[in-house]
Amino acid sequence: HEFYEHGLRAIGLTHYGTNRYGGGTNSEVGLSVDAIPLLKNIDALGMTIDLTHLSDIAFWQVLENFEGRVHASHQNSRRIASWQRQFSDEQYKAVIQRDGVIGIAFDIIMLQEGYVRGSSDLRASIETAVDNIDIVCQLAGNTRHVGIGSDLDGGFGNEQTPHDLNRIRDLQRIPSLLEGRGYSSEDIS
């Protein structure tokens, strides 16, 4: 309640590993008993839950125990990088069914299969992120459930971004890439 009073409106329960509330990325742990009253409070306050970084088990348990709004702030597809940090089509569909939005990330580990920091070449491009946008749109049947979640918050430099993403202004190529795939200007805005 105190954080809400200070303006917090969206919250994630986990990051990597496990914590007091449950399992995050690289874990196979579900929600803890402490998570259930927290979810009830978040719902009562009208806040949204960020489903990013939940373990698969915790992801489904949140949806079972939380009636409020959901989103995924920076989340890509397992079709592109098939490890547990990414969402399956079923998880994407669950967010879409709850009228949530999925923010596409530009961290190369979420865009390039098998990327290993320091030893893999950067093969993925901004076009790969557009592939991910298209996956969400095709699953949803519209463009209402996808945005840019970037994950370009300073945790790494362009050594861990698509090979053609050298400056933030390079993201301005996304609209023309989407137009090239038949998306209208209304769809893109």
# chains A, B, ... in the order shown; residues from 1 in each chain; ligands from 1
call {"tool": "residues_around", "arguments": {"residues": "stretch 110-115 of chain A", "least_positions_apart": "2", "cutoff": "9 Å", "atoms": "only C-alpha atoms", "output": "list in words"}}
result
Gln75, Asn76, Ser77, Arg78, Ile80, Ala81, Ser82, Trp83, Arg85, Gln86, Ala105, Phe106, Asp107, Ile108, Arg117, Ser119, Ser120, Asp121, Leu122, Arg123, Ala124, Ser125, Thr128, Ala129, Asn132, Thr161 and Pro162 of chain A
call {"tool": "residues_around", "arguments": {"residues": "A:Ala72", "least_positions_apart": "4", "cutoff": "7 Å", "atoms": "only C-alpha atoms", "output": "PyMOL selection string"}}
result
chain A and resi 50-52+101-103
call {"tool": "write_last_selection", "arguments": {"atoms": "C-alpha atoms", "output": "tab-separated table (two decimals), in the first residue's frame"}}
result
chain	number	residue	atom	x	y	z
A	50	ASP	CA	4.28	-8.11	-14.78
A	51	LEU	CA	4.50	-11.78	-15.81
A	52	THR	CA	8.06	-11.36	-17.09
A	101	VAL	CA	0.36	-6.24	-23.56
A	102	ILE	CA	3.70	-7.91	-24.33
A	103	GLY	CA	6.78	-5.71	-24.63
call {"tool": "closest_residue", "arguments": {"among": "A:Leu171, A:Val70, A:Ile104, A:Leu177", "to": "A:Ile11", "atoms": "only C-alpha atoms"}}
result
A:Val70
call {"tool": "select_by_dssp", "arguments": {"residues": "stretch 17-183 of chain A", "states": "helix (DSSP H, G or I)", "output": "count of residues only"}}
result
63
call {"tool": "atom_distance", "arguments": {"atom1": "atom CA of A:Phe87", "atom2": "atom CA of A:Ser55"}}
result
10.0 Å
call {"tool": "residues_around", "arguments": {"residues": "A:His1", "least_positions_apart": "5", "cutoff": "10 Å", "atoms": "only C-alpha atoms", "output": "PyMOL selection string"}}
result
chain A and resi 6-8+41-42+45
call {"tool": "write_last_selection", "arguments": {"atoms": "N, CA and C atoms", "output": "short mmCIF file (atom, residue, chain, number, x, y, z; two decimals), in the first residue's frame"}}
result
data_model
loop_
_atom_site.label_atom_id
_atom_site.label_comp_id
_atom_site.auth_asym_id
_atom_site.auth_seq_id
_atom_site.Cartn_x
_atom_site.Cartn_y
_atom_site.Cartn_z
N HIS A 6 2.95 5.97 -3.33
CA HIS A 6 4.05 6.71 -3.96
C HIS A 6 4.04 6.59 -5.48
N GLY A 7 3.00 5.94 -6.04
CA GLY A 7 2.84 5.93 -7.49
C GLY A 7 3.06 4.60 -8.18
N LEU A 8 3.45 3.56 -7.48
CA LEU A 8 3.67 2.26 -8.11
C LEU A 8 2.35 1.72 -8.65
N ASN A 41 -3.74 -8.23 -2.57
CA ASN A 41 -3.55 -6.78 -2.34
C ASN A 41 -3.33 -6.03 -3.65
N ILE A 42 -2.51 -6.61 -4.53
CA ILE A 42 -2.23 -5.97 -5.82
C ILE A 42 -3.52 -5.84 -6.61
N LEU A 45 -5.84 -3.11 -5.22
CA LEU A 45 -5.36 -1.77 -5.53
C LEU A 45 -5.50 -1.43 -7.02
#
call {"tool": "select_by_dssp", "arguments": {"residues": "chain A", "states": "strand (DSSP E)", "output": "number ranges by chain"}}
result
A: 10-12, 18-19, 22-23, 48-50, 70-71, 102-105, 146-150
call {"tool": "closest_residue", "arguments": {"among": "A:His71, A:Lys40, A:Glu28, A:Tyr16", "to": "A:Gly149", "atoms": "only C-alpha atoms"}}
result
A:His71
call {"tool": "atom_distance", "arguments": {"atom1": "atom CA of A:Asn142", "atom2": "atom CA of A:Asp89"}}
result
15.2 Å
call {"tool": "atom_distance", "arguments": {"atom1": "atom CA of A:Asp56", "atom2": "atom CA of A:Thr14"}}
result
11.9 Å
call {"tool": "residues_around", "arguments": {"residues": "A:Ala35", "least_positions_apart": "6", "cutoff": "10 Å", "atoms": "only C-alpha atoms", "output": "list in words"}}
result
Leu13, Arg20, Tyr21, Gly22, Asn41, Ala58, Gln61, Val62 and Asn65 of chain A
call {"tool": "write_last_selection", "arguments": {"atoms": "N, CA, C and O atoms", "output": "mmCIF file, in the first residue's frame"}}
result
data_model
loop_
_atom_site.group_PDB
_atom_site.id
_atom_site.type_symbol
_atom_site.label_atom_id
_atom_site.label_comp_id
_atom_site.auth_asym_id
_atom_site.auth_seq_id
_atom_site.Cartn_x
_atom_site.Cartn_y
_atom_site.Cartn_z
ATOM 1 N N LEU A 13 6.789 -10.177 -9.522
ATOM 2 C CA LEU A 13 7.054 -10.906 -8.279
ATOM 3 C C LEU A 13 8.458 -11.476 -8.193
ATOM 4 O O LEU A 13 8.967 -11.690 -7.094
ATOM 5 N N ARG A 20 11.205 -14.729 -1.987
ATOM 6 C CA ARG A 20 10.137 -14.918 -1.001
ATOM 7 C C ARG A 20 8.787 -15.269 -1.633
ATOM 8 O O ARG A 20 7.960 -15.942 -1.030
ATOM 9 N N TYR A 21 8.553 -14.801 -2.874
ATOM 10 C CA TYR A 21 7.245 -14.971 -3.492
ATOM 11 C C TYR A 21 7.168 -16.126 -4.489
ATOM 12 O O TYR A 21 6.076 -16.494 -4.909
ATOM 13 N N GLY A 22 8.297 -16.673 -4.896
ATOM 14 C CA GLY A 22 8.231 -17.814 -5.800
ATOM 15 C C GLY A 22 9.403 -17.906 -6.747
ATOM 16 O O GLY A 22 10.439 -17.277 -6.552
ATOM 17 N N ASN A 41 -3.741 -8.226 -2.571
ATOM 18 C CA ASN A 41 -3.554 -6.784 -2.340
ATOM 19 C C ASN A 41 -3.326 -6.032 -3.646
ATOM 20 O O ASN A 41 -3.866 -4.942 -3.846
ATOM 21 N N ALA A 58 5.159 -20.769 -11.887
ATOM 22 C CA ALA A 58 4.660 -19.552 -11.230
ATOM 23 C C ALA A 58 3.793 -18.728 -12.179
ATOM 24 O O ALA A 58 2.804 -18.123 -11.750
ATOM 25 N N GLN A 61 0.382 -20.202 -12.119
ATOM 26 C CA GLN A 61 -0.211 -20.017 -10.793
ATOM 27 C C GLN A 61 -0.649 -18.568 -10.568
ATOM 28 O O GLN A 61 -1.679 -18.327 -9.932
ATOM 29 N N VAL A 62 0.108 -17.623 -11.076
ATOM 30 C CA VAL A 62 -0.325 -16.217 -10.973
ATOM 31 C C VAL A 62 -1.655 -16.038 -11.691
ATOM 32 O O VAL A 62 -2.592 -15.443 -11.155
ATOM 33 N N ASN A 65 -4.498 -17.331 -9.661
ATOM 34 C CA ASN A 65 -4.743 -16.681 -8.370
ATOM 35 C C ASN A 65 -4.879 -15.169 -8.434
ATOM 36 O O ASN A 65 -4.988 -14.517 -7.394
#
call {"tool": "residues_around", "arguments": {"residues": "A:Thr143", "least_positions_apart": "2", "cutoff": "6 Å", "atoms": "only C-alpha atoms", "output": "JSON, numbers by chain"}}
result
{"A": [137, 145, 187]}
call {"tool": "residues_around", "arguments": {"residues": "A:Gly141", "least_positions_apart": "5", "cutoff": "10 Å", "atoms": "only C-alpha atoms", "output": "list in words"}}
result
Ile96, Ile135 and Val136 of chain A
call {"tool": "write_last_selection", "arguments": {"atoms": "all heavy atoms", "output": "PDB file, in the first residue's frame"}}
result
ATOM      1  N   ILE A  96      -2.735 -12.492 -23.906  1.00  0.00           N
ATOM      2  CA  ILE A  96      -3.660 -11.874 -24.860  1.00  0.00           C
ATOM      3  C   ILE A  96      -5.103 -12.047 -24.381  1.00  0.00           C
ATOM      4  O   ILE A  96      -5.893 -11.096 -24.412  1.00  0.00           O
ATOM      5  CB  ILE A  96      -3.443 -12.482 -26.269  1.00  0.00           C
ATOM      6  CG1 ILE A  96      -2.081 -12.039 -26.824  1.00  0.00           C
ATOM      7  CG2 ILE A  96      -4.583 -12.109 -27.204  1.00  0.00           C
ATOM      8  CD1 ILE A  96      -1.581 -12.862 -27.996  1.00  0.00           C
ATOM      9  N   ILE A 135       4.836 -12.500 -34.397  1.00  0.00           N
ATOM     10  CA  ILE A 135       4.323 -13.690 -33.710  1.00  0.00           C
ATOM     11  C   ILE A 135       3.168 -13.302 -32.789  1.00  0.00           C
ATOM     12  O   ILE A 135       2.101 -13.924 -32.814  1.00  0.00           O
ATOM     13  CB  ILE A 135       5.446 -14.394 -32.916  1.00  0.00           C
ATOM     14  CG1 ILE A 135       6.425 -15.070 -33.870  1.00  0.00           C
ATOM     15  CG2 ILE A 135       4.861 -15.417 -31.928  1.00  0.00           C
ATOM     16  CD1 ILE A 135       7.712 -15.571 -33.206  1.00  0.00           C
ATOM     17  N   VAL A 136       3.366 -12.261 -31.984  1.00  0.00           N
ATOM     18  CA  VAL A 136       2.310 -11.827 -31.064  1.00  0.00           C
ATOM     19  C   VAL A 136       1.077 -11.388 -31.848  1.00  0.00           C
ATOM     20  O   VAL A 136      -0.055 -11.767 -31.514  1.00  0.00           O
ATOM     21  CB  VAL A 136       2.795 -10.698 -30.131  1.00  0.00           C
ATOM     22  CG1 VAL A 136       1.650 -10.174 -29.265  1.00  0.00           C
ATOM     23  CG2 VAL A 136       3.952 -11.173 -29.262  1.00  0.00           C
TER      24      VAL A 136
END
call {"tool": "closest_residue", "arguments": {"among": "A:Lys93, A:Ile57, A:Phe66, A:Tyr183", "to": "A:Ala44", "atoms": "only C-alpha atoms"}}
result
A:Phe66
